[in-house]
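S.K.: Here it is, the structure, as structure tokens.
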Amino acid sequence: MMSVDFPRISNTSGVAKAKIALSALAQRLPGLPRRLIRIRELTLTTNGAQSRPAKCVRNSLGLENVARAGEAEIAFNAQLSTLSAPRSALRVTLLTGGGDKPYALGMAAALTSEGILVDFMGSDDLAVPELLTNSRVNFRNLRGDQNPDAKPTRKMARVLKYYWRLIFYSAIAKPKIFHILWNNKFELIDRTLLMLYYRLLGKKIVFTAHNVNAGKRDSNDSWLNRLSLKIQYRLSDHIFVHTDGMKREMISEFRIPESKISVIPFGINNTVPNTALTALEAKQLLSLSRKDKGLLFFGNIAPYKGLEYLIAAFDELLKKDRSYRLLIAGKPKGPASYWNAIWGTIARSGIGDRVIEKIEYVPDETTELYFKAADVLVLPYTHVFQSGVLFLGYSFGLPVIVSDVGSLREEIIEGQTGLVFKAQDSSDLATKIEEYFRGELFRNLETTRFQIKEYANERYSWDKVAAISTSVYSRLLTSAFRPPSSVL
């Protein structure tokens, strides 16, 4: 068992905080490579005196991190908007991991609508007008470019550069609340060293667990994965999850106190463009006829998504009715063998002419094309608690057929927003698809779409997310400092 004492260093100048906190980590974690924490030749500012430019800070990998002493500017290429709200307003840092634009933008908009000032840790992908023109958002582009086609050395350099930027930002950051929406590339570091660092700086940490244990879901769980998750959950002051099932799993598998966990809605995706494009126009653009019955599989193609069961059900349906069409839009994730096996099954079954494939990442700008061309969204998952794709479908008013796993059943009003089938049962899925196309949901699809959008905007309102979050932030700021006796 590892015990950690947390010194209070909140009244120390910015760069000094970083030095003290990192030195404390080195003392408590003697195995930590010195090159990861070396800070040298920094000039400090005291008592409001004029700061002198600090010399370049380098780690042993040769990466520069230009810093200014004390609370002066940090030359990170940070893009800042002017803050006009009162100094007494609640301030929060949102750590986004540089991605998941719909959730990150939705959270920022929701919090600022409540008068909260937000330091938003973003990237080039997130440098959008909704953030840059929001007077309550202090946008800091710490991640910069995240081009997936960059050379490995370039990727490594920019990730390490980001971590150095984050370390220095944290040392001078005014917000006392750090809300982590997603971890960064090196999750082991984020779950352990960064969490300890934030605690040493006296920050209150709120963590949104979109997945309690993604390793378990993806069939690559390990003792190290579970240990690092446990450390992150223990070091968090409060945790948000999206379903009661996730809360139960966190309590039972990681022994997190119930009082430390809150269930919040998965805010509806309202950032993906939804233009005047009609369903008929979308069908024409994808070469679907009016009579085609369109099924949509959307998102990452991974083993836990259960696409093989949809393919089997689709093959069964085509033997009776050739008017069915299947749209597969998404990027393979995980072992390449999984998609290769799916593709081989499609080829051998002779159903390829009824399948439309877009096997790549689908940008926000073209997402609506698939959700408007389809008549129903199918989520044949084998293991999951909740799905962002379901809420994306709801934002377009598209009915959903889901497998009975995790909390998916709880998100469906059968006969009104969709249907539920037995997980890993392609025959039952085929039956539910036939039932859907015979029923009122499909016959009155235009009305159904409108009703589902109205329902989703109410149930998964960002206003509810903001209200719960604000309550938790306020409670944490007024609570006494109670360091955990153990992180294990």
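Identifiers in the structure tokens: chain A, B, ... in order shown; residue index from 1 per chain; ligand index from 1 in order shown.
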From range 82-207 of chain A, collect each residue whose DSSP state is alpha helix (DSSP H) and return the set as a VMD selection string.

M.R.: chain A and resid 101 to 113 129 to 132 152 to 172 187 to 189 195 to 200

S.K.: Skip range 446-452 of chain A itself and residues of its chain fewer than 2 positions away, then list as a PyMOL selection string all residues within 9 Å of it, counting only C-alpha atoms.

M.R.: chain A and resi 394-399+416-417+440-444+454-457

S.K.: Once you have the residues from the selection above, write them out as a tab-separated table (two decimals), in the first residue's frame, restricted to C-alpha atoms.

M.R.:
chain	number	residue	atom	x	y	z
A	394	TYR	CA	-31.19	10.68	-31.20
A	395	SER	CA	-29.90	14.15	-32.09
A	396	PHE	CA	-31.02	13.42	-35.67
A	397	GLY	CA	-34.24	11.82	-34.46
A	398	LEU	CA	-33.25	8.41	-35.79
A	399	PRO	CA	-34.85	5.35	-34.12
A	416	GLN	CA	-41.32	4.94	-29.38
A	417	THR	CA	-37.58	5.53	-29.75
A	440	GLU	CA	-45.59	2.67	-36.74
A	441	LEU	CA	-42.09	3.98	-36.02
A	442	PHE	CA	-41.08	3.44	-39.64
A	443	ARG	CA	-44.44	4.20	-41.24
A	444	ASN	CA	-44.49	7.62	-39.54
A	454	GLU	CA	-37.79	16.55	-28.60
A	455	TYR	CA	-37.45	13.67	-26.15
A	456	ALA	CA	-33.64	13.59	-26.37
A	457	ASN	CA	-33.22	17.34	-25.93

S.K.: Have a look at A:Leu90, A:Leu95, A:Ala430, A:Ile359 and name the one nearest to Asp315 in chain A; count only C-alpha atoms.

M.R.: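 Using only C-alpha atoms, Asp315 in chain A sits closest to A:Ala430.
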
S.K.: Counting only C-alpha atoms, what is within 10 Å of Gly245 in chain A, bar same-chain residues fewer than 3 positions away, as a PyMOL selection string?

M.R.: chain A and resi 212+241-242+248-251+263+385-386+406-407

S.K.: Hey, which of A:His179, A:Ser228, A:Leu280, A:Lys185 ends up closest to Met156 in chain A? Count only C-alpha atoms.

M.R.: A:Lys185

S.K.: If I take CA of Gly294 in chain A and CA of Leu408 in chain A, how far is one from the other in Å, to one decimal?

M.R.: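 Between CA of Gly294 in chain A and CA of Leu408 in chain A the gap works out to 21.6 Å.
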